[in-house]
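For reference, work.pdb (PDB, C-alpha atoms and all ligand atoms):
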```pdb
ATOM      1  CA  MET A1378       0.000   0.000   0.000
ATOM      2  CA  SER A1379       1.208   3.519  -0.735
ATOM      3  CA  ALA A1380       0.841   4.518   2.934
ATOM      4  CA  GLN A1381       3.173   1.740   4.123
ATOM      5  CA  GLY A1382       5.720   3.154   6.563
ATOM      6  CA  LYS A1383       4.546   6.734   6.148
ATOM      7  CA  VAL A1384       4.257   8.728   9.365
ATOM      8  CA  LEU A1385       0.951  10.384  10.290
ATOM      9  CA  LEU A1386       0.365  12.722  13.237
ATOM     10  CA  VAL A1387      -3.235  13.260  14.372
ATOM     11  CA  THR A1388      -4.015  15.905  16.985
ATOM     12  CA  GLY A1389      -6.733  14.788  19.378
ATOM     13  CA  GLY A1390      -6.194  11.319  17.983
ATOM     14  CA  SER A1391      -7.046   9.414  21.122
ATOM     15  CA  ARG A1392     -10.856   9.608  21.088
ATOM     16  CA  GLY A1393     -13.778  10.188  18.730
ATOM     17  CA  ILE A1394     -13.118  11.098  15.107
ATOM     18  CA  GLY A1395      -9.357  11.329  15.675
ATOM     19  CA  ALA A1396      -9.232   7.787  17.064
ATOM     20  CA  ALA A1397     -11.185   6.482  14.052
ATOM     21  CA  ILE A1398      -8.669   8.208  11.757
ATOM     22  CA  CYS A1399      -5.762   6.635  13.653
ATOM     23  CA  ARG A1400      -7.313   3.134  13.514
ATOM     24  CA  LEU A1401      -7.999   3.321   9.785
ATOM     25  CA  ALA A1402      -4.592   4.874   9.077
ATOM     26  CA  ALA A1403      -2.799   2.078  10.932
ATOM     27  CA  LYS A1404      -4.731  -0.465   8.855
ATOM     28  CA  ALA A1405      -3.628   1.385   5.706
ATOM     29  CA  GLY A1406       0.009   1.052   6.776
ATOM     30  CA  TYR A1407       0.737   4.413   8.378
ATOM     31  CA  VAL A1408       2.893   4.678  11.483
ATOM     32  CA  VAL A1409       0.647   6.755  13.745
ATOM     33  CA  ALA A1410       1.522   9.456  16.272
ATOM     34  CA  ILE A1411      -1.506  10.029  18.487
ATOM     35  CA  ASN A1412      -1.724  13.377  20.255
ATOM     36  CA  TYR A1413      -4.029  13.861  23.234
ATOM     37  CA  ALA A1414      -4.642  16.589  25.820
ATOM     38  CA  SER A1415      -5.180  14.870  29.167
ATOM     39  CA  ASN A1416      -6.821  11.432  28.922
ATOM     40  CA  GLU A1417      -3.656   9.325  28.949
ATOM     41  CA  ALA A1418      -5.550   6.069  29.483
ATOM     42  CA  ALA A1419      -7.559   6.484  26.267
ATOM     43  CA  ALA A1420      -4.414   7.326  24.275
ATOM     44  CA  ASN A1421      -2.461   4.380  25.682
ATOM     45  CA  ALA A1422      -5.371   2.023  25.043
ATOM     46  CA  LEU A1423      -5.468   3.061  21.374
ATOM     47  CA  VAL A1424      -1.702   2.624  21.026
ATOM     48  CA  ALA A1425      -2.031  -0.873  22.492
ATOM     49  CA  GLU A1426      -4.946  -1.694  20.170
ATOM     50  CA  ILE A1427      -3.006  -0.591  17.085
ATOM     51  CA  LYS A1428       0.098  -2.520  18.151
ATOM     52  CA  ALA A1429      -2.015  -5.626  18.836
ATOM     53  CA  GLY A1430      -3.244  -5.363  15.245
ATOM     54  CA  GLY A1431       0.339  -5.359  13.960
ATOM     55  CA  GLY A1432       0.637  -1.587  13.528
ATOM     56  CA  GLU A1433       3.034   0.977  14.954
ATOM     57  CA  ALA A1434       1.878   3.904  17.118
ATOM     58  CA  ILE A1435       2.975   6.246  19.877
ATOM     59  CA  ALA A1436       1.020   8.633  22.117
ATOM     60  CA  ILE A1437       2.118  12.256  22.599
ATOM     61  CA  LYS A1438       0.586  14.464  25.284
ATOM     62  CA  GLY A1439       0.160  18.137  24.434
ATOM     63  CA  ASP A1440      -2.336  20.985  24.284
ATOM     64  CA  VAL A1441      -2.568  22.310  20.708
ATOM     65  CA  GLY A1442      -3.540  25.665  22.192
ATOM     66  CA  ASN A1443      -0.116  25.938  23.829
ATOM     67  CA  GLU A1444       2.782  26.866  21.528
ATOM     68  CA  ALA A1445       5.434  25.118  23.624
ATOM     69  CA  ASP A1446       3.339  21.930  23.605
ATOM     70  CA  VAL A1447       2.920  22.162  19.820
ATOM     71  CA  LEU A1448       6.679  22.473  19.299
ATOM     72  CA  GLY A1449       7.258  19.621  21.749
ATOM     73  CA  MET A1450       4.733  17.402  19.975
ATOM     74  CA  PHE A1451       6.402  17.822  16.576
ATOM     75  CA  ALA A1452       9.854  17.372  18.163
ATOM     76  CA  ALA A1453       8.617  14.096  19.660
ATOM     77  CA  VAL A1454       7.580  12.888  16.187
ATOM     78  CA  ASP A1455      11.017  13.912  14.835
ATOM     79  CA  ALA A1456      12.749  12.006  17.622
ATOM     80  CA  ALA A1457      10.633   8.882  17.236
ATOM     81  CA  PHE A1458      10.443   8.589  13.445
ATOM     82  CA  GLY A1459      12.621  11.259  11.805
ATOM     83  CA  ARG A1460       9.963  12.057   9.197
ATOM     84  CA  LEU A1461       6.397  13.305   8.776
ATOM     85  CA  ASP A1462       4.310  12.489   5.716
ATOM     86  CA  ALA A1463       0.770  13.280   6.776
ATOM     87  CA  PHE A1464      -0.870  15.488   9.371
ATOM     88  CA  VAL A1465      -4.450  15.865  10.600
ATOM     89  CA  ASN A1466      -5.575  18.942  12.526
ATOM     90  CA  ASN A1467      -8.372  17.177  14.385
ATOM     91  CA  ALA A1468      -8.237  18.409  18.003
ATOM     92  CA  GLY A1469     -11.134  20.721  18.693
ATOM     93  CA  VAL A1470     -13.453  21.812  21.458
ATOM     94  CA  VAL A1471     -16.953  23.185  21.881
ATOM     95  CA  ASP A1472     -18.333  25.060  24.876
ATOM     96  CA  ILE A1473     -21.672  25.069  26.636
ATOM     97  CA  LYS A1474     -24.730  26.267  24.723
ATOM     98  CA  ALA A1475     -24.941  30.075  24.807
ATOM     99  CA  ARG A1476     -26.049  33.091  22.807
ATOM    100  CA  VAL A1477     -23.401  35.524  21.578
ATOM    101  CA  ASP A1478     -24.653  38.133  24.058
ATOM    102  CA  GLN A1479     -23.783  35.701  26.864
ATOM    103  CA  MET A1480     -20.187  34.977  25.780
ATOM    104  CA  ASP A1481     -17.212  36.491  27.592
ATOM    105  CA  ALA A1482     -13.650  37.029  26.427
ATOM    106  CA  ALA A1483     -12.301  34.022  28.350
ATOM    107  CA  ARG A1484     -14.648  31.681  26.492
ATOM    108  CA  LEU A1485     -13.833  33.240  23.115
ATOM    109  CA  GLU A1486     -10.099  33.215  23.779
ATOM    110  CA  ARG A1487     -10.160  29.462  24.579
ATOM    111  CA  MET A1488     -12.370  28.712  21.575
ATOM    112  CA  MET A1489     -10.082  30.516  19.139
ATOM    113  CA  ARG A1490      -6.800  29.508  20.814
ATOM    114  CA  ILE A1491      -7.469  25.764  20.597
ATOM    115  CA  ASN A1492      -9.553  25.557  17.416
ATOM    116  CA  VAL A1493      -7.923  28.237  15.273
ATOM    117  CA  ILE A1494      -4.509  29.289  16.604
ATOM    118  CA  GLY A1495      -3.642  25.698  17.524
ATOM    119  CA  SER A1496      -4.550  24.426  14.064
ATOM    120  CA  ILE A1497      -2.583  27.144  12.268
ATOM    121  CA  LEU A1498       0.487  26.695  14.479
ATOM    122  CA  CYS A1499       0.410  22.928  13.976
ATOM    123  CA  ALA A1500       0.013  23.226  10.209
ATOM    124  CA  GLY A1501       3.014  25.549  10.125
ATOM    125  CA  GLU A1502       5.135  22.953  11.915
ATOM    126  CA  ALA A1503       3.894  20.269   9.514
ATOM    127  CA  VAL A1504       4.790  22.445   6.503
ATOM    128  CA  LYS A1505       8.310  22.955   7.913
ATOM    129  CA  ARG A1506       8.760  19.183   7.752
ATOM    130  CA  MET A1507       6.945  18.421   4.479
ATOM    131  CA  SER A1508       7.500  21.347   2.118
ATOM    132  CA  SER A1509      10.192  21.112  -0.565
ATOM    133  CA  LEU A1510      11.000  24.723   0.340
ATOM    134  CA  HIS A1511      12.289  23.356   3.638
ATOM    135  CA  GLY A1512      13.945  20.275   2.099
ATOM    136  CA  GLY A1513      10.955  18.027   2.808
ATOM    137  CA  ALA A1514       9.664  15.232   0.605
ATOM    138  CA  GLY A1515       6.080  16.529   0.397
ATOM    139  CA  GLY A1516       2.996  15.452   2.267
ATOM    140  CA  ALA A1517      -0.658  16.045   2.959
ATOM    141  CA  ILE A1518      -2.607  17.927   5.605
ATOM    142  CA  VAL A1519      -6.287  17.542   6.459
ATOM    143  CA  ASN A1520      -8.041  20.052   8.708
ATOM    144  CA  ILE A1521     -11.203  18.979  10.514
ATOM    145  CA  SER A1522     -13.742  21.759  10.107
ATOM    146  CA  SER A1523     -17.462  21.345  10.822
ATOM    147  CA  ALA A1524     -20.840  21.726   9.144
ATOM    148  CA  ALA A1525     -21.219  24.475  11.775
ATOM    149  CA  ALA A1526     -19.020  26.635   9.518
ATOM    150  CA  THR A1527     -21.872  26.847   7.015
ATOM    151  CA  LEU A1528     -24.814  26.573   9.449
ATOM    152  CA  GLY A1529     -23.617  29.196  11.958
ATOM    153  CA  SER A1530     -24.911  27.329  15.049
ATOM    154  CA  PRO A1531     -27.263  30.104  16.264
ATOM    155  CA  GLY A1532     -28.291  29.918  19.913
ATOM    156  CA  GLU A1533     -25.805  27.136  20.485
ATOM    157  CA  TYR A1534     -22.227  28.142  19.751
ATOM    158  CA  VAL A1535     -21.738  30.758  17.058
ATOM    159  CA  ASP A1536     -18.161  31.159  18.352
ATOM    160  CA  TYR A1537     -17.375  27.533  17.508
ATOM    161  CA  ALA A1538     -18.993  27.930  14.077
ATOM    162  CA  ALA A1539     -16.894  31.053  13.444
ATOM    163  CA  ALA A1540     -13.743  29.184  14.480
ATOM    164  CA  LYS A1541     -14.543  26.447  11.965
ATOM    165  CA  GLY A1542     -15.247  29.095   9.316
ATOM    166  CA  ALA A1543     -11.717  30.297   9.957
ATOM    167  CA  ILE A1544     -10.464  26.751   9.417
ATOM    168  CA  ASP A1545     -12.181  26.658   6.016
ATOM    169  CA  THR A1546     -10.546  29.911   4.918
ATOM    170  CA  PHE A1547      -7.205  28.829   6.348
ATOM    171  CA  THR A1548      -7.428  25.581   4.377
ATOM    172  CA  ILE A1549      -7.927  27.455   1.098
ATOM    173  CA  GLY A1550      -5.098  29.895   1.778
ATOM    174  CA  LEU A1551      -2.519  27.393   2.973
ATOM    175  CA  ALA A1552      -3.344  25.044   0.102
ATOM    176  CA  LYS A1553      -2.493  27.802  -2.375
ATOM    177  CA  GLU A1554       0.586  28.862  -0.412
ATOM    178  CA  VAL A1555       2.235  25.427  -0.561
ATOM    179  CA  ALA A1556       0.715  24.036  -3.770
ATOM    180  CA  THR A1557       4.053  24.029  -5.624
ATOM    181  CA  GLU A1558       5.939  22.634  -2.625
ATOM    182  CA  GLY A1559       4.565  19.082  -2.673
ATOM    183  CA  VAL A1560       2.068  19.673   0.111
ATOM    184  CA  ARG A1561      -1.693  19.268  -0.331
ATOM    185  CA  VAL A1562      -4.074  20.828   2.182
ATOM    186  CA  ASN A1563      -7.759  19.922   2.426
ATOM    187  CA  ALA A1564     -10.541  19.973   4.990
ATOM    188  CA  VAL A1565     -13.444  17.771   5.992
ATOM    189  CA  ARG A1566     -16.660  19.204   7.395
ATOM    190  CA  PRO A1567     -18.341  16.557   9.543
ATOM    191  CA  GLY A1568     -22.011  16.936  10.385
ATOM    192  CA  ILE A1569     -23.445  15.490  13.588
ATOM    193  CA  ILE A1570     -21.164  12.591  14.529
ATOM    194  CA  ASP A1571     -21.546  10.112  17.382
ATOM    195  CA  THR A1572     -18.688  11.085  19.736
ATOM    196  CA  GLU A1573     -18.283  12.366  23.298
ATOM    197  CA  ILE A1574     -17.825  16.008  22.183
ATOM    198  CA  HIS A1575     -21.545  16.730  22.617
ATOM    199  CA  ALA A1576     -21.544  15.592  26.249
ATOM    200  CA  SER A1577     -18.360  17.597  26.850
ATOM    201  CA  GLY A1578     -20.319  20.681  25.706
ATOM    202  CA  GLY A1579     -23.047  19.888  28.248
ATOM    203  CA  GLN A1580     -25.462  18.428  25.655
ATOM    204  CA  PRO A1581     -25.387  14.616  25.977
ATOM    205  CA  ASP A1582     -28.735  14.415  24.151
ATOM    206  CA  ARG A1583     -27.668  16.636  21.241
ATOM    207  CA  ILE A1584     -27.564  13.827  18.680
ATOM    208  CA  ALA A1585     -31.145  12.766  19.417
ATOM    209  CA  ALA A1586     -32.273  16.399  19.159
ATOM    210  CA  ILE A1587     -30.570  17.050  15.799
ATOM    211  CA  ARG A1588     -30.941  13.667  14.057
ATOM    212  CA  GLY A1589     -34.305  14.625  12.525
ATOM    213  CA  MET A1590     -32.823  17.732  10.856
ATOM    214  CA  VAL A1591     -30.296  15.682   8.899
ATOM    215  CA  PRO A1592     -31.528  14.804   5.380
ATOM    216  CA  MET A1593     -30.348  11.218   5.922
ATOM    217  CA  LYS A1594     -32.197  11.216   9.282
ATOM    218  CA  ARG A1595     -29.279   9.768  11.185
ATOM    219  CA  GLU A1596     -26.034  10.773  12.858
ATOM    220  CA  GLY A1597     -22.702   9.834  11.308
ATOM    221  CA  GLN A1598     -20.139   7.494  12.762
ATOM    222  CA  ALA A1599     -16.546   8.557  13.331
ATOM    223  CA  GLU A1600     -15.374   5.903  10.854
ATOM    224  CA  GLU A1601     -17.416   7.553   8.094
ATOM    225  CA  VAL A1602     -15.443  10.764   8.605
ATOM    226  CA  ALA A1603     -12.179   8.843   8.866
ATOM    227  CA  HIS A1604     -12.634   7.242   5.443
ATOM    228  CA  ALA A1605     -12.861  10.704   3.834
ATOM    229  CA  VAL A1606      -9.767  11.878   5.696
ATOM    230  CA  ILE A1607      -7.709   8.835   4.731
ATOM    231  CA  TRP A1608      -8.643   9.334   1.081
ATOM    232  CA  LEU A1609      -7.664  13.016   1.171
ATOM    233  CA  LEU A1610      -4.308  12.053   2.708
ATOM    234  CA  SER A1611      -3.686   9.361   0.110
ATOM    235  CA  ASP A1612      -1.951   9.563  -3.250
ATOM    236  CA  GLU A1613      -5.338   8.796  -4.814
ATOM    237  CA  ALA A1614      -6.225  12.420  -3.999
ATOM    238  CA  SER A1615      -3.082  13.690  -5.760
ATOM    239  CA  TYR A1616      -4.851  16.514  -7.667
ATOM    240  CA  THR A1617      -7.106  17.509  -4.767
ATOM    241  CA  THR A1618      -6.010  20.514  -2.743
ATOM    242  CA  GLY A1619      -7.866  23.409  -1.174
ATOM    243  CA  SER A1620     -11.026  21.281  -1.106
ATOM    244  CA  ILE A1621     -13.541  21.181   1.718
ATOM    245  CA  LEU A1622     -15.516  17.948   1.782
ATOM    246  CA  ASN A1623     -18.871  17.760   3.572
ATOM    247  CA  VAL A1624     -19.378  14.477   5.428
ATOM    248  CA  SER A1625     -22.695  15.427   6.929
ATOM    249  CA  GLY A1626     -25.505  13.217   5.685
ATOM    250  CA  GLY A1627     -26.664  15.990   3.336
ATOM    251  CA  ARG A1628     -27.025  18.642   6.025
TER     252      ARG A1628
HETATM  253  P1  LIG B   1     -14.007  14.323  21.064
HETATM  254  O1  LIG B   1     -14.692  12.990  20.973
HETATM  255  O2  LIG B   1     -14.376  15.259  22.153
HETATM  256  O3  LIG B   1     -12.423  14.036  21.127
HETATM  257  C1  LIG B   1     -11.563  15.127  21.228
HETATM  258  C2  LIG B   1     -10.117  14.688  21.081
HETATM  259  O4  LIG B   1      -9.334  15.893  21.021
HETATM  260  C3  LIG B   1      -9.602  13.902  22.269
HETATM  261  O5  LIG B   1      -8.590  13.026  21.795
HETATM  262  C4  LIG B   1      -9.019  14.980  23.162
HETATM  263  O6  LIG B   1      -7.977  14.525  24.027
HETATM  264  C5  LIG B   1      -8.434  15.916  22.123
HETATM  265  N1  LIG B   1      -8.281  17.293  22.546
HETATM  266  C6  LIG B   1      -9.218  18.131  23.090
HETATM  267  N2  LIG B   1      -8.667  19.321  23.321
HETATM  268  C7  LIG B   1      -7.370  19.258  22.940
HETATM  269  C8  LIG B   1      -6.280  20.149  22.966
HETATM  270  N3  LIG B   1      -6.412  21.395  23.430
HETATM  271  N4  LIG B   1      -5.073  19.707  22.506
HETATM  272  C9  LIG B   1      -4.926  18.461  22.046
HETATM  273  N5  LIG B   1      -5.920  17.563  21.991
HETATM  274  C10 LIG B   1      -7.121  17.964  22.444
HETATM  275  O7  LIG B   1     -14.170  15.143  19.718
HETATM  276  P2  LIG B   1     -14.678  14.701  18.257
HETATM  277  O8  LIG B   1     -16.151  14.760  18.237
HETATM  278  O9  LIG B   1     -13.989  13.467  17.823
HETATM  279  O10 LIG B   1     -14.176  15.956  17.395
HETATM  280  C11 LIG B   1     -12.973  15.916  16.650
HETATM  281  C12 LIG B   1     -12.983  17.083  15.683
HETATM  282  O11 LIG B   1     -14.120  16.988  14.840
HETATM  283  C13 LIG B   1     -13.061  18.456  16.361
HETATM  284  O12 LIG B   1     -12.264  19.375  15.649
HETATM  285  C14 LIG B   1     -14.532  18.817  16.232
HETATM  286  O13 LIG B   1     -14.747  20.204  16.254
HETATM  287  C15 LIG B   1     -14.844  18.210  14.885
HETATM  288  N6  LIG B   1     -16.262  17.952  14.638
HETATM  289  C16 LIG B   1     -16.948  17.058  15.408
HETATM  290  C17 LIG B   1     -18.296  16.838  15.142
HETATM  291  C18 LIG B   1     -19.133  15.869  15.938
HETATM  292  O14 LIG B   1     -20.371  15.878  15.786
HETATM  293  N7  LIG B   1     -18.550  15.026  16.779
HETATM  294  C19 LIG B   1     -18.912  17.530  14.103
HETATM  295  C20 LIG B   1     -18.184  18.429  13.349
HETATM  296  C21 LIG B   1     -16.851  18.622  13.621
HETATM  297  P3  LIG B   1      -8.319  13.955  25.522
HETATM  298  O15 LIG B   1      -8.894  12.608  25.321
HETATM  299  O16 LIG B   1      -6.995  13.939  26.214
HETATM  300  O17 LIG B   1      -9.306  14.915  26.117
END
```
In structure tokens, how does this file's structure come out?
Amino acid sequence: MSAQGKVLLVTGGSRGIGAAICRLAAKAGYVVAINYASNEAAANALVAEIKAGGGEAIAIKGDVGNEADVLGMFAAVDAAFGRLDAFVNNAGVVDIKARVDQMDAARLERMMRINVIGSILCAGEAVKRMSSLHGGAGGAIVNISSAAATLGSPGEYVDYAAAKGAIDTFTIGLAKEVATEGVRVNAVRPGIIDTEIHASGGQPDRIAAIRGMVPMKREGQAEEVAHAVIWLLSDEASYTTGSILNVSGGR
């Protein structure tokens, strides 16, 4: 397989959509570096699962909203594998349901720091390792956006939607910036996906509430997002850059 031995780093790769990406990537032959923020047990369990299946993986702790952690995470990949071929900006957070007129600066700062600044910083580090301008052998980046970027998430979390809108624009700009340097940059916009992120935003019943608004009348599974990501990372997507793919059941 073309992915055999290639090194992939996934931020927030220990749970949810990120974990599904890591599982599928390992099956495709990637060596996987799994970043996580605090839940070490979940990250270690996924590493063990991938190794038990004959794959290679390591876990790297680090907050993508912290520049020193970002630099440390990429340095850890350098030390472990000495190369980086693929990178997924997956780590992301929501906050509790609120109107814009209820949001304070601390909430907004966290939302943008993790979801936007973290993603841009990480992509910059990936480009330093992949771009021919920096002596790299090329590579692919996928940013995880959200259907919220087009829906706006009124009354729920417009700040999160705006952060994902920034990811869309960032994807287009970076793709053009590095298009002649062997690096492709794309994004995936998941719709409502069955993960723990909804409960972490204080809405454990969010899927049941939204399911009926999805044209396909069901939530998506993390694996369904992962398949799109793995394709965008692969050589089969060699002429695809600056694209934003909806994986949202038609929503
Ligand atoms: P999730 O189940 O809550 O998992 C989040 C993952 O990100 C965990 O591995 C977590 O690590 C990690 N993480 C959280 N904050 C981090 C930080 N500051 N630095 C590094 N890692 C961090 O989330 P998910 O639903 O899979 O979402 C993944 C991505 O898809 C996010 O960007 C999200 O916005 C996007 N998305 C999700 C949906 C959906 O319906 N689920 C829809 C559209 C878009 P720990 O385990 O250590 O906490």
Emit as JSON the padded axis-aligned box for all listed atoms of range 1509-1512 of chain A, 6 Å per side, with centre and edge lengths in Å to one decimal.
```
{"center_x": 12.1, "center_y": 22.5, "center_z": 1.5, "size_x": 15.8, "size_y": 16.4, "size_z": 16.2}
```
Please identify every polymer residue within 6 Å of ligand LIG 1 (chain B), using all atoms listed in the file, and present the set as an MDAnalysis selection string. chainID A and resid 1388:1395 1413:1416 1439:1442 1467:1470 1491 1521:1524 1567:1574
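Between CA of Asn1520 in chain A and CA of Ser1496 in chain A the separation is 7.7 Å.
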For range 1462-1464 of chain A, work out the shell of residues within 6 Å, counting all atoms listed in the file and skipping chain neighbours fewer than 5 positions away, then give it as a ChimeraX atom specification. /A:1383-1387,1516-1518
Mind checking which residues fall within 9 Å of Arg1460 in chain A, counting all atoms listed in the file, ignoring those fewer than 2 positions away in the same chain, and posting them as a PyMOL selection string? chain A and resi 1383-1384+1454-1458+1462+1506-1507+1513
Evaluate the PyMOL selection byres (((chain A and resi 1436) around 8) and not hetatm) against this structure - the residues, as a PyMOL selection string, please. chain A and resi 1410-1413+1420-1421+1424+1434-1435+1437-1438
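Counting all atoms listed in the file, the residue from A:Ala1599, A:Val1535, A:Ile1473, A:Leu1423 that sits nearest to Pro1581 in chain A is A:Ile1473.
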Expanded to explicit residues, what is the PyMOL selection byres (((chain A and resi 1381) around 8) and not hetatm) for this file, as a list in words? Met1378, Ser1379, Ala1380, Gly1382, Lys1383, Ala1405, Gly1406, Tyr1407 and Val1408 of chain A
Would you list the contacts of Leu1551 in chain A as a ChimeraX atom specification, taking every protein, DNA or RNA residue within 12 Å and counting only C-alpha atoms, but skipping same-chain residues closer than 3 positions in sequence? /A:1496-1498,1500-1501,1503-1504,1508,1517-1520,1543-1548,1554-1558,1560-1564,1618-1620
